[in-house]
Structure formats: C-alpha cells, structure tokens
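Participant: My structure file query_12.txt, compact mmCIF, C-alpha atoms, is below:
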# COMPACT_ATOMS: atom_id res chain seq x y z
CA MET A 23 101.75 94.86 78.54
CA LYS A 24 101.51 97.43 81.21
CA TYR A 25 103.30 98.29 84.41
CA THR A 26 102.16 99.95 87.53
CA ILE A 27 102.86 101.55 90.91
CA ILE A 28 101.10 102.41 94.09
CA LEU A 29 99.57 101.70 97.54
CA LEU A 30 97.46 103.80 100.01
CA LEU A 31 94.33 103.68 102.13
CA VAL A 32 91.00 105.08 103.14
CA VAL A 33 87.54 103.96 102.55
CA PHE A 34 85.94 106.13 99.94
CA THR A 35 84.89 103.49 97.36
CA GLY A 36 87.93 101.40 97.90
CA PHE A 37 90.97 103.10 99.42
CA SER A 38 93.76 100.93 100.72
CA SER A 39 97.49 100.61 101.21
CA ALA A 40 100.65 98.97 102.44
CA ALA A 41 102.81 99.55 105.48
CA PHE A 42 105.23 102.46 105.39
CA ALA A 43 108.87 101.52 105.87
CA GLN A 44 110.91 104.33 107.37
CA ASP A 45 114.00 105.48 105.50
CA PRO A 46 116.84 103.55 107.20
CA SER A 47 119.22 106.47 106.71
CA THR A 48 117.25 108.62 109.11
CA LYS A 49 117.18 108.42 112.88
CA PRO A 50 114.04 106.58 114.10
CA GLU A 51 111.38 108.88 115.48
CA SER A 52 110.14 108.57 119.05
CA PRO A 53 107.12 106.27 119.41
CA VAL A 54 103.70 107.89 119.74
CA THR A 55 102.32 107.13 123.22
CA SER A 56 99.66 109.80 123.77
CA CYS A 57 97.52 111.56 121.20
CA SER A 58 94.85 114.16 120.60
CA ARG A 59 93.17 115.43 117.46
CA ALA A 60 96.20 117.68 116.96
CA SER A 61 98.33 114.55 116.47
CA LEU A 62 96.74 114.16 113.03
CA SER A 63 96.97 117.59 111.45
CA GLY A 64 98.10 118.91 108.08
CA THR A 65 98.45 117.21 104.70
CA TYR A 66 99.25 113.53 104.12
CA GLY A 67 99.66 111.22 101.17
CA PHE A 68 97.42 108.18 101.49
CA LEU A 69 97.85 104.85 99.66
CA HIS A 70 95.07 102.28 99.99
CA ASP A 71 94.00 99.02 98.37
CA GLY A 72 90.84 96.90 98.50
CA THR A 73 90.24 93.14 98.24
CA ASP A 74 87.10 91.07 97.76
CA GLY A 75 85.90 88.16 99.88
CA ASN A 76 88.40 85.86 98.13
CA ALA A 77 91.31 88.21 98.89
CA VAL A 78 91.56 89.21 95.20
CA PRO A 79 92.68 92.85 94.67
CA ILE A 80 89.82 94.94 93.30
CA SER A 81 90.93 98.52 93.98
CA ALA A 82 94.03 100.67 94.32
CA ALA A 83 93.96 104.34 95.22
CA VAL A 84 96.24 107.22 96.08
CA SER A 85 94.92 110.27 97.92
CA GLN A 86 95.99 113.52 99.41
CA ILE A 87 94.13 114.14 102.65
CA THR A 88 94.28 117.30 104.76
CA PHE A 89 93.18 117.24 108.42
CA ASP A 90 92.07 120.39 110.24
CA SER A 91 92.56 119.51 113.91
CA THR A 92 90.90 122.71 115.13
CA ALA A 93 87.59 121.91 113.45
CA GLY A 94 87.95 118.12 113.43
CA THR A 95 87.34 117.98 109.69
CA PHE A 96 89.22 116.74 106.63
CA ILE A 97 89.17 117.02 102.86
CA VAL A 98 90.52 114.38 100.48
CA GLU A 99 91.31 114.21 96.77
CA THR A 100 91.60 110.70 95.34
CA THR A 101 92.61 108.93 92.15
CA SER A 102 91.32 105.37 92.23
CA SER A 103 91.25 102.23 90.10
CA ARG A 104 88.26 100.05 90.90
CA ASN A 105 88.24 96.83 88.90
CA GLY A 106 90.37 98.62 86.31
CA VAL A 107 88.15 101.70 85.92
CA ILE A 108 90.03 104.92 86.77
CA VAL A 109 88.11 107.66 88.59
CA THR A 110 88.95 110.82 90.51
CA PHE A 111 86.81 112.32 93.24
CA SER A 112 86.75 114.54 96.33
CA ALA A 113 85.20 114.03 99.76
CA THR A 114 84.94 115.80 103.09
CA GLY A 115 84.34 114.45 106.57
CA ILE A 116 84.93 114.59 110.31
CA TYR A 117 87.35 112.62 112.49
CA THR A 118 88.17 111.86 116.11
CA VAL A 119 91.44 110.84 117.81
CA GLY A 120 91.58 109.22 121.25
CA SER A 121 94.33 109.61 123.82
CA ASN A 122 95.48 106.06 122.96
CA CYS A 123 96.18 107.23 119.37
CA THR A 124 93.30 105.33 117.76
CA GLY A 125 90.55 107.12 115.87
CA THR A 126 87.68 107.02 113.42
CA ALA A 127 86.99 109.07 110.30
CA PHE A 128 83.54 109.62 108.81
CA PRO A 129 83.72 110.70 105.14
CA THR A 130 80.41 112.08 103.90
CA GLY A 131 78.76 109.63 101.53
CA HIS A 132 81.24 106.83 102.29
CA ASN A 133 81.84 104.18 104.92
CA PRO A 134 83.68 105.16 108.12
CA PHE A 135 87.21 103.84 108.64
CA SER A 136 89.40 103.26 111.67
CA PHE A 137 93.01 104.38 112.01
CA VAL A 138 96.03 104.40 114.32
CA VAL A 139 98.30 107.46 114.49
CA THR A 140 102.01 106.67 114.03
CA SER A 141 105.20 108.73 114.19
CA THR A 142 105.15 109.17 110.39
CA GLY A 143 101.40 109.37 109.72
CA PHE A 144 98.69 106.78 110.20
CA LEU A 145 97.56 103.24 109.39
CA ALA A 146 93.94 102.74 108.37
CA VAL A 147 91.40 100.03 107.65
CA GLU A 148 87.76 99.71 106.63
CA PRO A 149 86.47 96.41 108.05
CA ILE A 150 84.98 93.81 105.74
CA ASN A 151 81.59 94.86 104.41
CA LEU A 152 79.29 91.92 105.21
CA THR A 153 77.14 92.70 102.17
CA THR A 154 79.85 93.04 99.52
CA GLY A 155 82.70 91.13 101.20
CA VAL A 156 85.06 94.01 100.38
CA SER A 157 87.66 95.34 102.81
CA THR A 158 90.20 98.14 102.37
CA GLU A 159 93.42 99.01 104.17
CA GLY A 160 96.31 101.41 103.74
CA PHE A 161 98.64 103.96 105.25
CA GLY A 162 99.24 107.69 105.26
CA VAL A 163 102.55 109.59 105.36
CA LYS A 164 102.87 113.29 106.15
CA ARG A 165 103.73 115.46 103.15
CA GLY A 166 106.29 117.54 105.01
CA SER A 167 106.81 120.03 102.16
CA THR A 168 104.75 123.20 101.90
CA THR A 169 104.98 123.27 98.11
CA CYS A 170 106.66 121.08 95.50
CA THR A 171 108.29 121.32 92.07
CA ASN A 172 109.88 118.80 89.71
CA ALA A 173 113.16 119.41 91.55
CA THR A 174 111.64 118.19 94.84
CA VAL A 175 111.96 114.57 93.69
CA GLU A 176 115.13 114.90 91.64
CA GLY A 177 117.41 111.93 92.39
CA SER A 178 117.40 108.12 92.52
CA PHE A 179 114.51 106.02 93.85
CA GLY A 180 113.82 102.34 94.40
CA LEU A 181 110.39 101.23 93.20
CA GLU A 182 108.15 98.37 94.34
CA ALA A 183 104.63 97.65 93.13
CA THR A 184 102.06 94.86 93.16
CA GLY A 185 98.54 94.28 91.90
CA VAL A 186 96.65 92.63 89.06
CA PHE A 187 95.73 93.22 85.43
CA VAL A 188 92.03 92.53 84.87
CA ALA A 189 89.95 91.55 81.84
CA GLY A 190 90.56 94.00 79.00
CA ALA A 191 94.33 94.31 79.55
CA PRO A 192 96.72 92.72 77.00
CA VAL A 193 97.55 90.12 79.67
CA THR A 194 95.65 89.30 82.87
CA GLY A 195 96.78 88.08 86.26
CA PRO A 196 99.07 89.12 89.10
CA VAL A 197 101.71 91.82 88.69
CA ALA A 198 104.81 92.36 90.83
CA PHE A 199 107.94 94.36 90.10
CA ILE A 200 110.83 96.36 91.45
CA GLY A 201 112.97 98.99 89.77
CA ASP A 202 115.65 101.60 90.02
CA LEU A 203 114.53 104.94 88.63
CA LYS A 204 116.36 108.24 88.32
CA PHE A 205 114.40 111.50 88.23
CA THR A 206 116.15 114.48 86.64
CA VAL A 207 115.17 117.99 85.59
CA ASN A 208 116.40 119.37 82.25
CA GLN A 209 117.32 122.97 81.49
CA SER A 210 113.71 123.73 80.56
CA GLY A 211 112.48 122.51 83.96
CA GLU A 212 110.88 119.34 82.55
CA GLY A 213 111.05 116.12 84.58
CA LEU A 214 112.71 113.09 82.94
CA ILE A 215 112.91 109.44 84.09
CA SER A 216 115.47 106.74 83.33
CA GLY A 217 116.29 103.38 84.91
CA HIS A 218 115.47 99.65 84.87
CA LEU A 219 112.67 97.28 85.92
CA ALA A 220 112.45 93.64 86.95
CA GLY A 221 109.42 91.54 87.83
CA SER A 222 106.50 89.72 86.23
CA GLU A 223 103.23 90.52 84.48
CA GLY A 224 100.66 87.74 84.23
CA GLY A 225 103.39 85.11 84.56
CA THR A 226 105.81 86.70 82.06
CA ILE A 227 109.16 87.36 83.74
CA PHE A 228 111.38 90.32 82.82
CA ASP A 229 114.75 91.31 84.26
CA PHE A 230 116.75 94.48 84.86
CA ALA A 231 119.07 93.92 81.88
CA GLY A 232 116.19 93.49 79.46
CA GLU A 233 114.01 96.36 80.61
CA PRO A 234 115.74 99.76 80.52
CA VAL A 235 113.06 102.45 80.76
CA THR A 236 112.67 106.12 79.94
CA GLY A 237 109.89 108.53 80.68
CA SER A 238 108.72 111.88 81.99
CA TYR A 239 107.07 113.26 85.12
CA SER A 240 105.42 116.41 86.40
CA VAL A 241 104.94 117.57 90.00
CA ALA A 242 102.35 120.22 90.89
CA LYS A 243 102.73 122.83 93.63
CA ASN A 244 100.41 120.83 95.90
CA CYS A 245 102.84 117.85 95.71
CA THR A 246 100.68 115.64 93.52
CA GLY A 247 102.08 114.42 90.24
CA THR A 248 101.88 112.21 87.17
CA ALA A 249 104.46 110.05 85.40
CA THR A 250 104.77 108.14 82.13
CA ILE A 251 107.24 105.27 81.64
CA THR A 252 108.11 103.42 78.42
CA SER A 253 110.34 100.43 77.63
CA LYS A 254 111.18 98.19 74.69
CA SER A 255 108.79 95.35 75.44
CA LEU A 256 106.21 96.88 77.80
CA SER A 257 103.53 99.27 76.62
CA GLU A 258 103.46 102.83 77.94
CA MET A 259 102.61 103.01 81.64
CA ASN A 260 100.97 105.98 83.34
CA PHE A 261 100.81 106.81 87.04
CA SER A 262 99.44 109.27 89.55
CA PHE A 263 101.43 109.88 92.72
CA VAL A 264 101.66 111.98 95.88
CA VAL A 265 105.00 113.27 97.18
CA VAL A 266 105.51 112.67 100.93
CA HIS A 267 108.26 112.64 103.57
CA VAL A 268 109.73 115.92 102.26
CA GLY A 269 110.38 114.39 98.85
CA LYS A 270 111.95 111.17 100.14
CA GLU A 271 109.03 109.03 99.05
CA MET A 272 106.20 108.88 96.52
CA LEU A 273 102.96 106.90 96.81
CA ALA A 274 101.51 105.89 93.45
CA ILE A 275 99.01 103.92 91.42
CA GLU A 276 98.90 103.01 87.74
CA THR A 277 96.21 104.93 85.89
CA ASP A 278 95.98 102.79 82.75
CA ALA A 279 92.62 101.12 82.20
CA ASP A 280 92.21 97.50 83.34
CA THR A 281 95.00 97.72 85.93
CA VAL A 282 94.74 97.53 89.71
CA VAL A 283 98.31 98.28 90.78
CA SER A 284 99.85 100.36 93.56
CA GLY A 285 103.30 100.90 95.01
CA THR A 286 105.91 103.18 96.50
CA LEU A 287 109.11 104.87 95.40
CA ARG A 288 111.75 105.57 98.07
CA ARG A 289 115.15 107.21 98.04
Turn this file's structure into structure tokens for me.

Facilitator:
Amino acid sequence: MKYTIILLLVVFTGFSSAAFAQDPSTKPESPVTSCSRASLSGTYGFLHDGTDGNAVPISAAVSQITFDSTAGTFIVETTSSRNGVIVTFSATGIYTVGSNCTGTAFPTGHNPFSFVVTSTGFLAVEPINLTTGVSTEGFGVKRGSTTCTNATVEGSFGLEATGVFVAGAPVTGPVAFIGDLKFTVNQSGEGLISGHLAGSEGGTIFDFAGEPVTGSYSVAKNCTGTATITSKSLSEMNFSFVVVHVGKEMLAIETDADTVVSGTLRR
C-alpha cells in the first residue's frame, strides 16, 4: 500500500487545491479590500487538484509560482500526478488583478484560470472544460522565506491528505489520512522524519498505534523539497512539497505511480 500528501491549484494540465486554514496561533491578518497587480507579487506555493465530470479526482499538483508585478508576468514549476502518472514541467504567463481583488492568469500553452487575492495568498479555479468535463481548483500561500534549509521545517507538524489510488496500485479506491510527524536534523545536516499515521487506503483502516513511521526529507534553497516515509504495513511513500508561510506549512503531493493524493502539513 501507499500513502500520500498534498493539495494546490492552477490550471496547467490539472492544477488544483484545498482551502488554506490560517495558523490559529497567529493574529488574523487584516482583510484584503482593495488590490492592484502589486497585491500578488513574489513567490508562492500552490496546491491544486482536478476532478472529472463525475467529481472523481484525476489530478493532484504542487507548484511554486513567482509573480513579477512590475511586468505582469509569472513563472511556475510544477510536479503533477495526472491519473497516477507523475510529471514535472515549467510554464510562463501573464496575469491581471482588479481593484476588487479578482484576477485572471494566462499561462502560455494552458487554459486561463481565475483567482481571488487573499491576505495569505490566493484562491484559484479553472472552470469546467465543456469538452473534457474536467475542472481544477486550489490555493496559493506566500513562501515568506528568502531561502530554505532542512532546519527551516524542523519541528512537529500535523498532516492531512486525501485522494485516490488508481489502477496499477496495490489497492485502488479513496485514500484519507491524518498524522503527527516530527522533522529533525541530525549532526550531518540530514533531515529525518518520525511519527504516526491514521486513516484508510481503499477501505483498509489503520490507526495511530499500529502505524509508527520513519523517513527522511530534503529541502532545497528555493524552498522546494522531497520526503520519503516508511512504516511496518504500508509500502514506502514518496512526496514532493513546497515550504510556505515562513516554514509553518508545507503543501505536498505523493509522487508514487498510480496515486492521486495531495495534502498539507501544518505546525
């Protein structure tokens, strides 16, 4: 069996996401009431998911997108699972932001998507494609950190993830889980993971007591990263993630074949 994390959004061949819940330990930010292109500037993590005409998940993707408000352009780097096939790609585009904080982005070679600027980033959606029946949605959170290391995410995180395992996986069907994971850095600077999981995979239930996990992780200077998690009964699980909110959150997807799973980790 496999396990997975992640959620995000855009439109390039199936971006999407889930709503960002602000860290309750921090003071709420002032609501955004008036915007310009400068309101969406800098680097963001972006988690986005896609569903077909029957509301079945078909894609999960995590991106890092950088907006240049002076030029009105953006660049995006994405890791995506589409029907269980993992791909990475880049895209560029242009975007507009209205005074009412709504906007549209036009990635070259992909469908345009609409978004709303929020105090922590943006919410986005690509409307249903009348030809394919596919729609995508997600959210972006500002990175906040200029550069990252393994130590940026050292500490304890709660994990939530949902999605499906498709044909080709050891089991197929819906996946949902939560976990408590601790990220530590050893004396050599390597990132280690420990903790527990609970949830279900294709109807098989597992609990915290039965699923202690271990693993490793690596964070690059640009605040993207990868992680591997192992347990007694679940097969090795691999993820790609983007660090956001100054290290308080990670947006991730599982990168094992035949999985369409996304989620978030929060302090």

Participant: With all atoms listed in the file as the counted atoms, please give the residues lying no more than 8 Å from His267 (chain A), apart from itself and same-chain residues fewer than 6 positions off, as a PyMOL selection string.

Facilitator: chain A and resi 163-167

Participant: Just how far from CA of Thr124 (chain A) is CA of Val138 (chain A), in Å to one decimal?

Facilitator: 4.5 Å

Participant: CA of Thr88 (chain A) to CA of Phe161 (chain A): how many Å, to one decimal?

Facilitator: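 It comes out at 14.0 Å.
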
Participant: Can you work out the spacing between CA of Cys170 (chain A) and CA of Gly217 (chain A) in Å, to one decimal?

Facilitator: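 Taking CA of Cys170 (chain A) and CA of Gly217 (chain A), their separation equals 22.8 Å.
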
Participant: Of the candidates A:Glu176, A:Glu258, A:Glu148, A:Glu233, which shows the shortest atom-to-atom distance to Gly72 (chain A), using only C-alpha atoms?

Facilitator: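 Once distances to Gly72 (chain A) are computed over only C-alpha atoms, the minimum belongs to A:Glu148.
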
Participant: Which residues are close to Val54 (chain A), i.e. within 8 Å by all atoms listed in the file, leaving aside same-chain residues fewer than 2 positions away? Reply as a ChimeraX atom specification.

Facilitator: /A:52,56-57,123,139-141

Participant: Go through A:Asn172, A:Ser222, A:Asn105, A:Ser85 one by one, measure the shortest atom-to-atom distance of each to Ser210 (chain A) using all atoms listed in the file, and give the residue with the smallest value.

Facilitator: A:Asn172

Participant: Using all atoms listed in the file, which residues sit within 10 Å of region 112-121 of chain A once same-chain residues fewer than 6 positions away are excluded, as an mmCIF file with C-alpha atoms, keeping the file's coordinate frame?

Facilitator:
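This went into part-v1.cif:
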data_model
loop_
_atom_site.group_PDB
_atom_site.id
_atom_site.type_symbol
_atom_site.label_atom_id
_atom_site.label_comp_id
_atom_site.auth_asym_id
_atom_site.auth_seq_id
_atom_site.Cartn_x
_atom_site.Cartn_y
_atom_site.Cartn_z
ATOM 1 C CA PHE A 34 85.940 106.130 99.940
ATOM 2 C CA THR A 55 102.320 107.130 123.220
ATOM 3 C CA SER A 56 99.660 109.800 123.770
ATOM 4 C CA CYS A 57 97.520 111.560 121.200
ATOM 5 C CA SER A 58 94.850 114.160 120.600
ATOM 6 C CA ARG A 59 93.170 115.430 117.460
ATOM 7 C CA ALA A 60 96.200 117.680 116.960
ATOM 8 C CA SER A 61 98.330 114.550 116.470
ATOM 9 C CA LEU A 62 96.740 114.160 113.030
ATOM 10 C CA SER A 85 94.920 110.270 97.920
ATOM 11 C CA GLN A 86 95.990 113.520 99.410
ATOM 12 C CA ILE A 87 94.130 114.140 102.650
ATOM 13 C CA THR A 88 94.280 117.300 104.760
ATOM 14 C CA PHE A 89 93.180 117.240 108.420
ATOM 15 C CA ASP A 90 92.070 120.390 110.240
ATOM 16 C CA SER A 91 92.560 119.510 113.910
ATOM 17 C CA ALA A 93 87.590 121.910 113.450
ATOM 18 C CA GLY A 94 87.950 118.120 113.430
ATOM 19 C CA THR A 95 87.340 117.980 109.690
ATOM 20 C CA PHE A 96 89.220 116.740 106.630
ATOM 21 C CA ILE A 97 89.170 117.020 102.860
ATOM 22 C CA VAL A 98 90.520 114.380 100.480
ATOM 23 C CA GLU A 99 91.310 114.210 96.770
ATOM 24 C CA THR A 100 91.600 110.700 95.340
ATOM 25 C CA THR A 101 92.610 108.930 92.150
ATOM 26 C CA ALA A 127 86.990 109.070 110.300
ATOM 27 C CA PHE A 128 83.540 109.620 108.810
ATOM 28 C CA PRO A 129 83.720 110.700 105.140
ATOM 29 C CA THR A 130 80.410 112.080 103.900
ATOM 30 C CA GLY A 131 78.760 109.630 101.530
ATOM 31 C CA HIS A 132 81.240 106.830 102.290
ATOM 32 C CA PRO A 134 83.680 105.160 108.120
ATOM 33 C CA PHE A 135 87.210 103.840 108.640
ATOM 34 C CA SER A 136 89.400 103.260 111.670
ATOM 35 C CA PHE A 137 93.010 104.380 112.010
ATOM 36 C CA VAL A 138 96.030 104.400 114.320
ATOM 37 C CA VAL A 139 98.300 107.460 114.490
#

Participant: Given the choices A:Gly201, A:Pro192, A:Pro79, A:Gly125, which gets closest to Gly221 (chain A) if the distance is worked out from all atoms listed in the file?

Facilitator: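 Comparing A:Gly201, A:Pro192, A:Pro79, A:Gly125 against Gly221 (chain A), the winner is A:Gly201.
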
Participant: Which residues come within 6 Å of region 73-75 of chain A, counting only C-alpha atoms, excluding same-chain residues fewer than 3 positions away, as a VMD selection string?

Facilitator: chain A and resid 78 to 80 155 to 157

Participant: Determine, counting all atoms listed in the file, which protein, DNA and RNA residues have an atom within 7 Å of an atom of region 270-273 of chain A; residues of the same chain fewer than 2 positions away are not included. Present the result as a PyMOL selection string.

Facilitator: chain A and resi 28-29+67+69+84+263-268+285-289

Participant: Set up a box along x, y and z of the file covering all listed atoms of region 90-107 of chain A, add 3 Å on every one of the six sides, and write the centre and edge lengths in Å to one decimal, as lines of an AutoDock Vina configuration file.

Facilitator:
center_x = 90.0
center_y = 109.8
center_z = 100.5
size_x = 11.3
size_y = 31.9
size_z = 35.2

Participant: So, with all atoms listed in the file as the atoms that count, which of A:Val207, A:Ala198, A:Val235, A:Ala242 lies closest to Val186 (chain A)?

Facilitator: A:Ala198

Participant: Given the choices A:Tyr66, A:Phe205, A:Tyr239, A:Phe199, which gets closest to Ser178 (chain A) if the distance is worked out from only C-alpha atoms?

Facilitator: A:Phe205

Participant: Could you add N, CA and C atoms to region 89-115 of chain A and give me the result as a PDB file, keeping the file's coordinate frame?

Facilitator:
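This went into part_14.pdb:
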ATOM      1  N   PHE A  89      93.940 117.218 107.165  1.00  0.00           N
ATOM      2  CA  PHE A  89      93.180 117.240 108.420  1.00  0.00           C
ATOM      3  C   PHE A  89      93.277 118.624 109.056  1.00  0.00           C
ATOM      4  N   ASP A  90      92.138 119.148 109.492  1.00  0.00           N
ATOM      5  CA  ASP A  90      92.070 120.390 110.240  1.00  0.00           C
ATOM      6  C   ASP A  90      91.741 120.013 111.682  1.00  0.00           C
ATOM      7  N   SER A  91      92.763 119.982 112.538  1.00  0.00           N
ATOM      8  CA  SER A  91      92.560 119.510 113.910  1.00  0.00           C
ATOM      9  C   SER A  91      91.721 120.471 114.738  1.00  0.00           C
ATOM     10  N   THR A  92      91.699 121.736 114.381  1.00  0.00           N
ATOM     11  CA  THR A  92      90.900 122.710 115.130  1.00  0.00           C
ATOM     12  C   THR A  92      89.408 122.435 114.963  1.00  0.00           C
ATOM     13  N   ALA A  93      88.997 122.157 113.735  1.00  0.00           N
ATOM     14  CA  ALA A  93      87.590 121.910 113.450  1.00  0.00           C
ATOM     15  C   ALA A  93      87.217 120.432 113.500  1.00  0.00           C
ATOM     16  N   GLY A  94      88.234 119.552 113.463  1.00  0.00           N
ATOM     17  CA  GLY A  94      87.950 118.120 113.430  1.00  0.00           C
ATOM     18  C   GLY A  94      87.388 117.662 112.108  1.00  0.00           C
ATOM     19  N   THR A  95      87.830 118.308 111.019  1.00  0.00           N
ATOM     20  CA  THR A  95      87.340 117.980 109.690  1.00  0.00           C
ATOM     21  C   THR A  95      88.491 117.624 108.767  1.00  0.00           C
ATOM     22  N   PHE A  96      88.184 117.027 107.624  1.00  0.00           N
ATOM     23  CA  PHE A  96      89.220 116.740 106.630  1.00  0.00           C
ATOM     24  C   PHE A  96      88.631 116.853 105.237  1.00  0.00           C
ATOM     25  N   ILE A  97      89.528 117.063 104.271  1.00  0.00           N
ATOM     26  CA  ILE A  97      89.170 117.020 102.860  1.00  0.00           C
ATOM     27  C   ILE A  97      90.132 116.056 102.174  1.00  0.00           C
ATOM     28  N   VAL A  98      89.673 115.361 101.147  1.00  0.00           N
ATOM     29  CA  VAL A  98      90.520 114.380 100.480  1.00  0.00           C
ATOM     30  C   VAL A  98      90.267 114.411  98.982  1.00  0.00           C
ATOM     31  N   GLU A  99      91.361 114.303  98.231  1.00  0.00           N
ATOM     32  CA  GLU A  99      91.310 114.210  96.770  1.00  0.00           C
ATOM     33  C   GLU A  99      91.917 112.864  96.392  1.00  0.00           C
ATOM     34  N   THR A 100      91.199 112.087  95.598  1.00  0.00           N
ATOM     35  CA  THR A 100      91.600 110.700  95.340  1.00  0.00           C
ATOM     36  C   THR A 100      91.604 110.373  93.853  1.00  0.00           C
ATOM     37  N   THR A 101      92.613 109.592  93.447  1.00  0.00           N
ATOM     38  CA  THR A 101      92.610 108.930  92.150  1.00  0.00           C
ATOM     39  C   THR A 101      92.553 107.436  92.441  1.00  0.00           C
ATOM     40  N   SER A 102      91.562 106.756  91.875  1.00  0.00           N
ATOM     41  CA  SER A 102      91.320 105.370  92.230  1.00  0.00           C
ATOM     42  C   SER A 102      91.102 104.501  91.005  1.00  0.00           C
ATOM     43  N   SER A 103      91.586 103.249  91.091  1.00  0.00           N
ATOM     44  CA  SER A 103      91.250 102.230  90.100  1.00  0.00           C
ATOM     45  C   SER A 103      90.385 101.198  90.791  1.00  0.00           C
ATOM     46  N   ARG A 104      89.158 101.054  90.332  1.00  0.00           N
ATOM     47  CA  ARG A 104      88.260 100.050  90.900  1.00  0.00           C
ATOM     48  C   ARG A 104      87.899  99.069  89.808  1.00  0.00           C
ATOM     49  N   ASN A 105      88.420  97.842  89.944  1.00  0.00           N
ATOM     50  CA  ASN A 105      88.240  96.830  88.900  1.00  0.00           C
ATOM     51  C   ASN A 105      88.724  97.333  87.543  1.00  0.00           C
ATOM     52  N   GLY A 106      89.774  98.155  87.549  1.00  0.00           N
ATOM     53  CA  GLY A 106      90.370  98.620  86.310  1.00  0.00           C
ATOM     54  C   GLY A 106      89.766  99.872  85.726  1.00  0.00           C
ATOM     55  N   VAL A 107      88.764 100.445  86.391  1.00  0.00           N
ATOM     56  CA  VAL A 107      88.150 101.700  85.920  1.00  0.00           C
ATOM     57  C   VAL A 107      88.734 102.843  86.749  1.00  0.00           C
ATOM     58  N   ILE A 108      89.350 103.817  86.086  1.00  0.00           N
ATOM     59  CA  ILE A 108      90.030 104.920  86.770  1.00  0.00           C
ATOM     60  C   ILE A 108      89.055 106.070  86.998  1.00  0.00           C
ATOM     61  N   VAL A 109      88.974 106.524  88.254  1.00  0.00           N
ATOM     62  CA  VAL A 109      88.110 107.660  88.590  1.00  0.00           C
ATOM     63  C   VAL A 109      88.852 108.586  89.539  1.00  0.00           C
ATOM     64  N   THR A 110      88.449 109.847  89.543  1.00  0.00           N
ATOM     65  CA  THR A 110      88.950 110.820  90.510  1.00  0.00           C
ATOM     66  C   THR A 110      87.751 111.431  91.223  1.00  0.00           C
ATOM     67  N   PHE A 111      87.913 111.733  92.506  1.00  0.00           N
ATOM     68  CA  PHE A 111      86.810 112.320  93.240  1.00  0.00           C
ATOM     69  C   PHE A 111      87.321 113.011  94.506  1.00  0.00           C
ATOM     70  N   SER A 112      86.452 113.815  95.096  1.00  0.00           N
ATOM     71  CA  SER A 112      86.750 114.540  96.330  1.00  0.00           C
ATOM     72  C   SER A 112      85.735 114.144  97.388  1.00  0.00           C
ATOM     73  N   ALA A 113      86.124 114.297  98.652  1.00  0.00           N
ATOM     74  CA  ALA A 113      85.200 114.030  99.760  1.00  0.00           C
ATOM     75  C   ALA A 113      85.621 114.887 100.948  1.00  0.00           C
ATOM     76  N   THR A 114      84.670 115.110 101.838  1.00  0.00           N
ATOM     77  CA  THR A 114      84.940 115.800 103.090  1.00  0.00           C
ATOM     78  C   THR A 114      84.422 114.934 104.224  1.00  0.00           C
ATOM     79  N   GLY A 115      84.827 115.232 105.459  1.00  0.00           N
ATOM     80  CA  GLY A 115      84.340 114.450 106.570  1.00  0.00           C
ATOM     81  C   GLY A 115      84.809 114.985 107.904  1.00  0.00           C
TER      82      GLY A 115
END
